[in-house]
file input22.txt (compact mmCIF, C-alpha atoms)
# COMPACT_ATOMS: atom_id res chain seq x y z
CA MET A 9 -93.76 19.31 8.02
CA ARG A 10 -91.33 21.85 6.60
CA GLN A 11 -88.36 19.98 8.03
CA THR A 12 -89.59 16.74 6.46
CA GLU A 13 -89.93 18.39 3.05
CA ASP A 14 -86.42 19.84 3.33
CA SER A 15 -85.02 16.45 4.28
CA TYR A 16 -86.80 14.85 1.35
CA SER A 17 -85.54 17.57 -1.00
CA ASN A 18 -81.98 17.19 0.22
CA SER A 19 -82.14 13.41 -0.15
CA GLN A 20 -83.37 13.89 -3.70
CA ILE A 21 -80.42 16.16 -4.47
CA TYR A 22 -78.02 13.57 -3.10
CA GLN A 23 -79.62 10.76 -5.09
CA GLU A 24 -79.69 12.78 -8.31
CA PHE A 25 -76.02 13.54 -7.89
CA LYS A 26 -75.24 9.89 -7.22
CA ASP A 27 -77.12 8.90 -10.37
CA ILE A 28 -74.62 10.79 -12.52
CA GLU A 29 -71.97 8.50 -13.99
CA ARG A 30 -68.63 8.99 -12.21
CA SER A 31 -66.94 9.49 -15.58
CA GLU A 32 -69.31 12.32 -16.55
CA PHE A 33 -67.05 14.94 -15.01
CA ARG A 34 -68.60 17.99 -16.65
CA SER A 35 -72.08 16.87 -15.67
CA ILE A 36 -70.90 16.46 -12.09
CA VAL A 37 -69.44 19.96 -12.08
CA ARG A 38 -72.56 21.51 -13.61
CA PHE A 39 -74.88 19.74 -11.17
CA PHE A 40 -72.85 20.63 -8.10
CA GLU A 41 -72.51 24.29 -9.08
CA SER A 42 -76.23 24.48 -9.87
CA HIS A 43 -77.24 23.10 -6.47
CA THR A 44 -74.56 24.50 -4.18
CA SER A 45 -76.94 25.77 -1.51
CA GLU A 46 -78.95 22.53 -1.38
CA ILE A 47 -75.81 20.39 -1.23
CA ALA A 48 -74.47 22.53 1.62
CA GLN A 49 -77.53 21.50 3.70
CA LEU A 50 -76.91 17.77 3.35
CA GLU A 51 -75.79 15.59 6.21
CA PHE A 52 -72.04 15.82 6.72
CA ASP A 53 -71.17 12.40 5.24
CA GLU A 54 -73.24 13.05 2.12
CA TYR A 55 -71.93 16.60 1.70
CA PHE A 56 -68.32 15.50 2.10
CA GLU A 57 -68.74 12.69 -0.40
CA LEU A 58 -70.22 15.04 -2.99
CA LEU A 59 -67.56 17.67 -2.34
CA LEU A 60 -64.77 15.15 -2.96
CA THR A 61 -66.47 13.91 -6.12
CA TYR A 62 -66.83 17.50 -7.31
CA ALA A 63 -63.16 18.19 -6.56
CA ASP A 64 -62.06 15.12 -8.54
CA ALA A 65 -64.25 16.18 -11.47
CA LEU A 66 -62.72 19.67 -11.48
CA PHE A 67 -59.27 18.14 -11.57
CA GLU A 68 -60.15 15.73 -14.37
CA ILE A 69 -61.50 18.45 -16.68
CA GLY A 70 -58.47 20.63 -16.05
CA THR A 71 -60.05 23.51 -14.14
CA TYR A 72 -57.09 23.61 -11.79
CA HIS A 73 -57.70 27.02 -10.22
CA SER A 74 -61.16 25.91 -9.12
CA TYR A 75 -59.78 22.57 -7.96
CA LEU A 76 -57.22 24.29 -5.73
CA SER A 77 -59.95 26.29 -4.00
CA VAL A 78 -62.18 23.25 -3.43
CA ALA A 79 -59.21 21.10 -2.40
CA ASP A 80 -58.26 23.62 0.29
CA GLN A 81 -61.84 23.46 1.56
CA ALA A 82 -61.78 19.66 1.62
CA ILE A 83 -58.36 19.58 3.29
CA GLY A 84 -59.65 21.93 5.98
CA ILE A 85 -62.54 19.56 6.62
CA THR A 86 -60.26 16.53 6.90
CA ILE A 87 -58.13 18.36 9.46
CA GLU A 88 -61.12 19.69 11.42
CA HIS A 89 -62.81 16.28 11.59
CA ASN A 90 -59.56 14.30 11.84
CA ILE A 91 -60.35 12.28 8.71
CA LYS A 92 -57.35 10.24 7.58
CA TYR A 93 -58.95 7.54 5.45
CA TYR A 94 -62.15 7.82 3.47
CA HIS A 95 -63.61 4.78 1.71
CA GLY A 96 -60.31 3.00 2.24
CA GLU A 97 -58.17 5.77 0.70
CA ASP A 98 -55.73 8.17 2.29
CA ILE A 99 -57.84 11.19 1.42
CA PHE A 100 -55.44 13.75 2.89
CA PHE A 101 -52.59 12.42 0.73
CA ASN A 102 -54.76 12.23 -2.38
CA LEU A 103 -55.95 15.82 -2.02
CA LEU A 104 -52.45 17.15 -1.49
CA PHE A 105 -50.97 15.09 -4.31
CA LYS A 106 -53.56 16.35 -6.77
CA LYS A 107 -53.05 19.86 -5.44
CA ALA A 108 -49.36 19.53 -6.27
CA ALA A 109 -50.29 18.22 -9.72
CA ALA A 110 -52.66 21.17 -10.23
CA HIS A 111 -49.90 23.65 -9.41
CA TYR A 112 -47.58 21.75 -11.73
CA ASN A 113 -50.06 21.93 -14.61
CA LEU A 114 -50.47 25.66 -13.94
CA LEU A 115 -46.66 25.97 -14.29
CA GLU A 116 -46.40 26.89 -10.60
CA TYR A 117 -43.47 24.57 -10.03
CA GLU A 118 -42.23 26.04 -6.75
CA LYS A 119 -45.66 25.59 -5.13
CA SER A 120 -45.82 22.04 -6.48
CA GLU A 121 -42.35 21.31 -5.12
CA HIS A 122 -43.26 22.66 -1.67
CA ILE A 123 -46.31 20.38 -1.36
CA LEU A 124 -44.41 17.36 -2.65
CA ARG A 125 -41.63 17.92 -0.13
CA GLU A 126 -44.23 17.90 2.64
CA LEU A 127 -45.70 14.66 1.27
CA VAL A 128 -42.24 13.09 1.20
CA LYS A 129 -41.80 14.10 4.85
CA MET A 130 -45.08 12.32 5.60
CA ASN A 131 -44.12 9.17 3.68
CA PRO A 132 -40.59 9.03 2.23
CA ASP A 133 -41.21 5.49 0.97
CA ASN A 134 -43.82 6.58 -1.58
CA GLU A 135 -41.91 6.30 -4.86
CA MET A 136 -44.63 8.06 -6.85
CA THR A 137 -44.24 11.19 -4.75
CA VAL A 138 -40.45 11.06 -4.96
CA ARG A 139 -40.54 10.75 -8.76
CA PHE A 140 -43.01 13.61 -9.04
CA LEU A 141 -40.83 15.78 -6.80
CA LYS A 142 -37.85 15.17 -9.09
CA LYS A 143 -39.96 16.00 -12.13
CA SER A 144 -41.21 19.21 -10.55
CA ILE A 145 -37.73 20.37 -9.55
CA ARG A 146 -36.40 19.68 -13.04
CA GLN A 147 -38.81 22.26 -14.44
CA ASN A 148 -36.95 25.05 -12.63
CA LYS A 149 -34.11 25.31 -15.11
CA PRO A 150 -30.83 26.66 -13.64
CA GLY A 151 -28.71 29.23 -15.45
CA PHE A 152 -26.11 26.76 -16.69
CA LEU A 153 -28.77 24.59 -18.33
CA LYS A 154 -30.24 27.57 -20.16
CA SER A 155 -26.71 28.41 -21.35
CA THR A 156 -26.03 24.90 -22.65
CA ARG A 157 -29.35 24.87 -24.50
CA ALA A 158 -28.68 28.29 -25.99
CA THR A 159 -25.24 27.09 -27.11
CA SER A 160 -26.77 24.00 -28.68
CA VAL A 161 -29.33 26.08 -30.57
CA PHE A 162 -26.55 28.34 -31.85
CA LEU A 163 -24.55 25.34 -33.08
CA PHE A 164 -27.61 23.86 -34.79
CA LEU A 165 -28.25 27.18 -36.56
CA LEU A 166 -24.60 27.35 -37.51
CA THR A 167 -24.87 23.85 -38.95
CA ALA A 168 -27.87 24.95 -41.02
CA GLY A 169 -25.86 27.93 -42.28
CA ILE A 170 -22.95 25.70 -43.26
CA ILE A 171 -25.31 23.38 -45.14
CA ALA A 172 -26.68 26.36 -47.05
CA VAL A 173 -23.17 27.50 -47.98
CA GLU A 174 -22.27 23.94 -48.96
CA LEU A 175 -25.26 23.58 -51.28
CA CYS A 176 -25.15 27.05 -52.83
CA LEU A 177 -21.42 27.67 -53.07
CA VAL A 178 -19.09 24.80 -52.25
CA ARG A 179 -20.66 21.97 -54.25
CA PRO A 180 -21.19 24.00 -57.45
CA PHE A 181 -17.85 25.85 -57.44
CA PHE A 182 -15.42 24.36 -54.90
CA ALA A 183 -16.06 20.64 -54.98
CA GLU A 184 -12.57 19.86 -53.66
CA TYR A 185 -13.57 21.37 -50.30
CA ILE A 186 -16.68 19.22 -49.87
CA PRO A 187 -15.02 16.67 -47.51
CA ILE A 188 -13.74 19.45 -45.26
CA ILE A 189 -17.11 21.20 -45.18
CA GLU A 190 -18.88 17.93 -44.41
CA LEU A 191 -16.43 17.21 -41.58
CA VAL A 192 -16.84 20.68 -40.08
CA ARG A 193 -20.62 20.50 -40.42
CA ASN A 194 -20.81 17.08 -38.75
CA VAL A 195 -18.45 18.09 -35.93
CA ILE A 196 -20.46 21.23 -35.15
CA PHE A 197 -23.76 19.36 -35.34
CA GLY A 198 -22.42 16.60 -33.08
CA ALA A 199 -21.07 19.16 -30.64
CA GLY A 200 -24.51 20.75 -30.43
CA TRP A 201 -26.15 17.45 -29.53
CA THR A 202 -23.35 16.56 -27.10
CA ILE A 203 -23.64 19.84 -25.21
CA LEU A 204 -27.42 19.54 -25.10
CA LEU A 205 -27.43 15.94 -23.84
CA VAL A 206 -24.59 16.37 -21.37
CA GLY A 207 -26.21 19.48 -19.88
CA ASP A 208 -29.59 17.81 -19.50
CA LEU A 209 -28.18 14.57 -18.13
CA PHE A 210 -25.97 16.40 -15.66
CA TYR A 211 -28.89 18.45 -14.39
CA ARG A 212 -31.03 15.32 -14.11
CA TRP A 213 -28.24 13.73 -12.05
CA LEU A 214 -28.04 16.81 -9.81
CA VAL A 215 -31.80 16.72 -9.18
CA ASN A 216 -31.83 12.99 -8.49
CA ASN A 217 -28.91 13.37 -6.10
CA LYS A 218 -30.57 16.32 -4.33
CA VAL A 219 -33.91 14.56 -3.89
CA ASN A 220 -32.32 11.25 -2.85
CA LYS A 221 -30.33 13.05 -0.15
CA PHE A 222 -33.50 14.80 1.02
CA VAL A 223 -35.38 11.49 1.18
CA GLY A 224 -32.47 9.91 3.06
CA ILE A 225 -32.48 12.69 5.65
CA VAL A 226 -36.25 12.36 6.13
CA LYS A 227 -35.98 8.59 6.59
CA GLU A 228 -33.13 9.00 9.06
CA LYS A 229 -35.13 11.49 11.14
CA LYS A 230 -38.13 9.17 11.16
CA GLN A 231 -35.97 6.25 12.27
CA LYS A 232 -34.49 8.33 15.10
CA ARG A 233 -37.93 9.44 16.27
CA LYS A 234 -39.12 5.84 16.15
CA ALA A 235 -36.09 4.69 18.14
CA ARG A 236 -36.68 7.38 20.78
CA LYS A 237 -40.32 6.36 21.13
CA GLU A 238 -39.35 2.71 21.52
CA ALA A 239 -36.75 3.65 24.10
CA VAL A 240 -39.35 5.59 26.09
CA VAL A 241 -41.73 2.60 26.00
CA LEU A 242 -39.01 0.27 27.23
call {"tool": "encode", "arguments": {"input": "input22.txt", "output": "structure tokens"}}
result
Amino acid sequence: MRQTEDSYSNSQIYQEFKDIERSEFRSIVRFFESHTSEIAQLEFDEYFELLLTYADALFEIGTYHSYLSVADQAIGITIEHNIKYYHGEDIFFNLLFKKAAAHYNLLEYEKSEHILRELVKMNPDNEMTVRFLKKSIRQNKPGFLKSTRATSVFLFLLTAGIIAVELCLVRPFFAEYIPIIELVRNVIFGAGWTILLVGDLFYRWLVNNKVNKFVGIVKEKKQKRKARKEAVVL
């Protein structure tokens, strides 16, 4: 009789969880965390479904540290039970992609980049992953880019100083020098924007080139492995 009551209780927990709207992320989190022990006793399929729903809810409300912990747990389960697709979705990819996004949102760009590189190795044709990898790498600003931005800021501040001198001194007392001051001010301001844009665009090009080469190498290795397998079959 005790076993029947437990089964009934567990089924009730599952049904109550399922009755929560999928968009009510905070309600999902609260319910799961309030019934952790009962949920852990559910049948595997039910438990795994609720765990994935809980993980998604954590991600959606921005509790990324908690998501990373639950995602690792879910990833371990997919590996242990050899689960590739779940409800028609590549669950292993989805968990890892969101894990990379969580690290990115926590400003942990190197960890995000590492996961995204592994995802590219799994599927180099996924453009979403490739774009995200480029975006993540761009957040690690190299020394030269910091220097160009610092130079641009200095030139913008210098422009502001020249404008102040122009308004307070040149226009009232030395009107004949206004064209020269305006020219100098515009040149310095333009130089600031040019240095800023050129530095950013050059770094973007470097990142795109780096990632594209990486993707090309991954595709080439996959093609070679495929060719070797076909040769063995023949």
call {"tool": "residues_around", "arguments": {"input": "input22.txt", "residues": "Leu66 of chain A", "least_positions_apart": "2", "cutoff": "12 Å", "atoms": "all atoms listed in the file", "output": "NGL selection string"}}
result
:A and (31-38 or 40-41 or 59-64 or 68-79 or 106-107 or 110)
call {"tool": "write_last_selection", "arguments": {"input": "input22.txt", "atoms": "C-alpha atoms", "output": "tab-separated table (two decimals), keeping the file's coordinate frame"}}
result
chain	number	residue	atom	x	y	z
A	31	SER	CA	-66.94	9.49	-15.58
A	32	GLU	CA	-69.31	12.32	-16.55
A	33	PHE	CA	-67.05	14.94	-15.01
A	34	ARG	CA	-68.60	17.99	-16.65
A	35	SER	CA	-72.08	16.87	-15.67
A	36	ILE	CA	-70.90	16.46	-12.09
A	37	VAL	CA	-69.44	19.96	-12.08
A	38	ARG	CA	-72.56	21.51	-13.61
A	40	PHE	CA	-72.85	20.63	-8.10
A	41	GLU	CA	-72.51	24.29	-9.08
A	59	LEU	CA	-67.56	17.67	-2.34
A	60	LEU	CA	-64.77	15.15	-2.96
A	61	THR	CA	-66.47	13.91	-6.12
A	62	TYR	CA	-66.83	17.50	-7.31
A	63	ALA	CA	-63.16	18.19	-6.56
A	64	ASP	CA	-62.06	15.12	-8.54
A	68	GLU	CA	-60.15	15.73	-14.37
A	69	ILE	CA	-61.50	18.45	-16.68
A	70	GLY	CA	-58.47	20.63	-16.05
A	71	THR	CA	-60.05	23.51	-14.14
A	72	TYR	CA	-57.09	23.61	-11.79
A	73	HIS	CA	-57.70	27.02	-10.22
A	74	SER	CA	-61.16	25.91	-9.12
A	75	TYR	CA	-59.78	22.57	-7.96
A	76	LEU	CA	-57.22	24.29	-5.73
A	77	SER	CA	-59.95	26.29	-4.00
A	78	VAL	CA	-62.18	23.25	-3.43
A	79	ALA	CA	-59.21	21.10	-2.40
A	106	LYS	CA	-53.56	16.35	-6.77
A	107	LYS	CA	-53.05	19.86	-5.44
A	110	ALA	CA	-52.66	21.17	-10.23
call {"tool": "closest_residue", "arguments": {"input": "input22.txt", "among": "A:Leu58, A:Ala109, A:Leu204, A:Leu214", "to": "Ile21 of chain A", "atoms": "only C-alpha atoms"}}
result
A:Leu58
call {"tool": "residues_around", "arguments": {"input": "input22.txt", "residues": "Glu54 of chain A", "least_positions_apart": "2", "cutoff": "12 Å", "atoms": "all atoms listed in the file", "output": "list of chain:residue names"}}
result
A:Asn18, A:Ser19, A:Gln20, A:Ile21, A:Tyr22, A:Gln23, A:Phe25, A:Lys26, A:Glu46, A:Ile47, A:Ala48, A:Gln49, A:Leu50, A:Glu51, A:Phe52, A:Phe56, A:Glu57, A:Leu58, A:Leu59, A:Leu60, A:Thr61
call {"tool": "atom_distance", "arguments": {"input": "input22.txt", "atom1": "atom CA of Trp201 of chain A", "atom2": "atom CA of Ile188 of chain A"}}
result
20.1 Å
call {"tool": "residues_around", "arguments": {"input": "input22.txt", "residues": "segment 151-160 of chain A", "least_positions_apart": "5", "cutoff": "9 Å", "atoms": "all atoms listed in the file", "output": "compact mmCIF listing (two decimals) with C-alpha atoms, keeping the file's coordinate frame"}}
result
# COMPACT_ATOMS: atom_id res chain seq x y z
CA LEU A 165 -28.25 27.18 -36.56
CA PHE A 197 -23.76 19.36 -35.34
CA ALA A 199 -21.07 19.16 -30.64
CA GLY A 200 -24.51 20.75 -30.43
CA TRP A 201 -26.15 17.45 -29.53
CA THR A 202 -23.35 16.56 -27.10
CA ILE A 203 -23.64 19.84 -25.21
CA LEU A 204 -27.42 19.54 -25.10
CA VAL A 206 -24.59 16.37 -21.37
CA GLY A 207 -26.21 19.48 -19.88
CA ASP A 208 -29.59 17.81 -19.50
CA TYR A 211 -28.89 18.45 -14.39
call {"tool": "residues_around", "arguments": {"input": "input22.txt", "residues": "Asn194 of chain A", "least_positions_apart": "2", "cutoff": "12 Å", "atoms": "all atoms listed in the file", "output": "compact mmCIF listing (two decimals) with C-alpha atoms, in the frame of the given file"}}
result
# COMPACT_ATOMS: atom_id res chain seq x y z
CA LEU A 163 -24.55 25.34 -33.08
CA PHE A 164 -27.61 23.86 -34.79
CA LEU A 166 -24.60 27.35 -37.51
CA THR A 167 -24.87 23.85 -38.95
CA ALA A 168 -27.87 24.95 -41.02
CA ILE A 170 -22.95 25.70 -43.26
CA ILE A 171 -25.31 23.38 -45.14
CA PRO A 187 -15.02 16.67 -47.51
CA ILE A 188 -13.74 19.45 -45.26
CA ILE A 189 -17.11 21.20 -45.18
CA GLU A 190 -18.88 17.93 -44.41
CA LEU A 191 -16.43 17.21 -41.58
CA VAL A 192 -16.84 20.68 -40.08
CA ILE A 196 -20.46 21.23 -35.15
CA PHE A 197 -23.76 19.36 -35.34
CA GLY A 198 -22.42 16.60 -33.08
CA ALA A 199 -21.07 19.16 -30.64
CA GLY A 200 -24.51 20.75 -30.43
CA TRP A 201 -26.15 17.45 -29.53
CA THR A 202 -23.35 16.56 -27.10
call {"tool": "residues_around", "arguments": {"input": "input22.txt", "residues": "Phe140 of chain A", "least_positions_apart": "4", "cutoff": "8 Å", "atoms": "only C-alpha atoms", "output": "ChimeraX atom specification"}}
result
/A:124,136,144
call {"tool": "closest_residue", "arguments": {"input": "input22.txt", "among": "A:Gln81, A:Lys230, A:Asn113, A:Glu29", "to": "Phe67 of chain A", "atoms": "all atoms listed in the file"}}
result
A:Asn113
call {"tool": "closest_residue", "arguments": {"input": "input22.txt", "among": "A:Phe162, A:Tyr112, A:Tyr93, A:Phe181", "to": "Asn148 of chain A", "atoms": "all atoms listed in the file"}}
result
A:Tyr112
call {"tool": "axis_aligned_box", "arguments": {"input": "input22.txt", "around": "segment 130-134 of chain A", "padding_each_side": "3 Å", "output": "JSON"}}
result
{"center_x": -42.8, "center_y": 8.9, "center_z": 2.0, "size_x": 10.5, "size_y": 12.8, "size_z": 13.2}
call {"tool": "closest_residue", "arguments": {"input": "input22.txt", "among": "A:Ala172, A:Ala108, A:Leu209, A:Ile99", "to": "Arg193 of chain A", "atoms": "all atoms listed in the file"}}
result
A:Ala172
call {"tool": "residues_near_point", "arguments": {"input": "input22.txt", "point": "(-58.0, 13.1, 0.9)", "cutoff": "9 Å", "atoms": "all atoms listed in the file", "output": "list in words"}}
result
Leu60, Ala79, Ala82, Ile83, Thr86, Ile91, Lys92, Tyr93, Tyr94, Glu97, Asp98, Ile99, Phe100, Phe101, Asn102, Leu103, Leu104 and Phe105 of chain A
call {"tool": "build_atoms", "arguments": {"input": "input22.txt", "residues": "segment 79-103 of chain A", "atoms": "N, CA, C and O atoms", "output": "compact mmCIF listing (two decimals), keeping the file's coordinate frame"}}
result
# COMPACT_ATOMS: atom_id res chain seq x y z
N ALA A 79 -60.11 21.99 -3.12
CA ALA A 79 -59.21 21.10 -2.40
C ALA A 79 -58.84 21.68 -1.04
O ALA A 79 -58.79 20.96 -0.03
N ASP A 80 -58.57 22.97 -1.00
CA ASP A 80 -58.26 23.62 0.29
C ASP A 80 -59.43 23.48 1.25
O ASP A 80 -59.25 23.25 2.46
N GLN A 81 -60.64 23.62 0.74
CA GLN A 81 -61.84 23.46 1.56
C GLN A 81 -61.93 22.03 2.10
O GLN A 81 -62.19 21.82 3.29
N ALA A 82 -61.70 21.06 1.21
CA ALA A 82 -61.78 19.66 1.62
C ALA A 82 -60.67 19.30 2.61
O ALA A 82 -60.90 18.56 3.57
N ILE A 83 -59.48 19.84 2.38
CA ILE A 83 -58.36 19.58 3.29
C ILE A 83 -58.67 20.15 4.67
O ILE A 83 -58.39 19.52 5.70
N GLY A 84 -59.26 21.35 4.70
CA GLY A 84 -59.65 21.93 5.98
C GLY A 84 -60.64 21.05 6.73
O GLY A 84 -60.55 20.90 7.96
N ILE A 85 -61.56 20.45 5.99
CA ILE A 85 -62.54 19.56 6.62
C ILE A 85 -61.87 18.31 7.18
O ILE A 85 -62.20 17.86 8.29
N THR A 86 -60.94 17.74 6.42
CA THR A 86 -60.26 16.53 6.90
C THR A 86 -59.48 16.81 8.18
O THR A 86 -59.41 15.96 9.08
N ILE A 87 -58.89 18.00 8.26
CA ILE A 87 -58.13 18.36 9.46
C ILE A 87 -59.09 18.60 10.63
O ILE A 87 -58.87 18.12 11.75
N GLU A 88 -60.16 19.36 10.37
CA GLU A 88 -61.12 19.69 11.42
C GLU A 88 -61.78 18.44 12.00
O GLU A 88 -61.98 18.34 13.22
N HIS A 89 -62.10 17.49 11.13
CA HIS A 89 -62.81 16.28 11.59
C HIS A 89 -61.87 15.09 11.76
O HIS A 89 -62.33 13.97 11.98
N ASN A 90 -60.57 15.35 11.64
CA ASN A 90 -59.56 14.30 11.84
C ASN A 90 -59.84 13.07 10.96
O ASN A 90 -59.85 11.93 11.41
N ILE A 91 -60.06 13.35 9.67
CA ILE A 91 -60.35 12.28 8.71
C ILE A 91 -59.04 11.90 8.01
O ILE A 91 -58.46 12.71 7.28
N LYS A 92 -58.58 10.72 8.22
CA LYS A 92 -57.35 10.24 7.58
C LYS A 92 -57.68 9.40 6.35
O LYS A 92 -57.17 9.63 5.26
N TYR A 93 -58.56 8.42 6.55
CA TYR A 93 -58.95 7.54 5.45
C TYR A 93 -60.44 7.73 5.16
O TYR A 93 -61.25 7.89 6.07
N TYR A 94 -60.75 7.68 3.88
CA TYR A 94 -62.15 7.82 3.47
C TYR A 94 -62.41 6.80 2.36
O TYR A 94 -61.76 6.83 1.31
N HIS A 95 -63.33 5.89 2.63
CA HIS A 95 -63.61 4.78 1.71
C HIS A 95 -62.33 4.01 1.38
O HIS A 95 -62.10 3.62 0.24
N GLY A 96 -61.52 3.80 2.40
CA GLY A 96 -60.31 3.00 2.24
C GLY A 96 -59.13 3.72 1.62
O GLY A 96 -58.08 3.12 1.40
N GLU A 97 -59.25 5.02 1.32
CA GLU A 97 -58.17 5.77 0.70
C GLU A 97 -57.63 6.83 1.65
O GLU A 97 -58.38 7.39 2.47
N ASP A 98 -56.35 7.10 1.52
CA ASP A 98 -55.73 8.17 2.29
C ASP A 98 -56.14 9.49 1.65
O ASP A 98 -55.46 10.00 0.77
N ILE A 99 -57.25 10.03 2.08
CA ILE A 99 -57.84 11.19 1.42
C ILE A 99 -56.97 12.43 1.56
O ILE A 99 -56.89 13.25 0.65
N PHE A 100 -56.30 12.59 2.68
CA PHE A 100 -55.44 13.75 2.89
C PHE A 100 -54.29 13.73 1.89
O PHE A 100 -53.98 14.75 1.26
N PHE A 101 -53.69 12.56 1.71
CA PHE A 101 -52.59 12.42 0.73
C PHE A 101 -53.10 12.68 -0.68
O PHE A 101 -52.46 13.40 -1.46
N ASN A 102 -54.23 12.09 -1.03
CA ASN A 102 -54.76 12.23 -2.38
C ASN A 102 -55.05 13.69 -2.73
O ASN A 102 -54.75 14.16 -3.83
N LEU A 103 -55.64 14.42 -1.78
CA LEU A 103 -55.95 15.82 -2.02
C LEU A 103 -54.68 16.64 -2.22
O LEU A 103 -54.60 17.47 -3.12
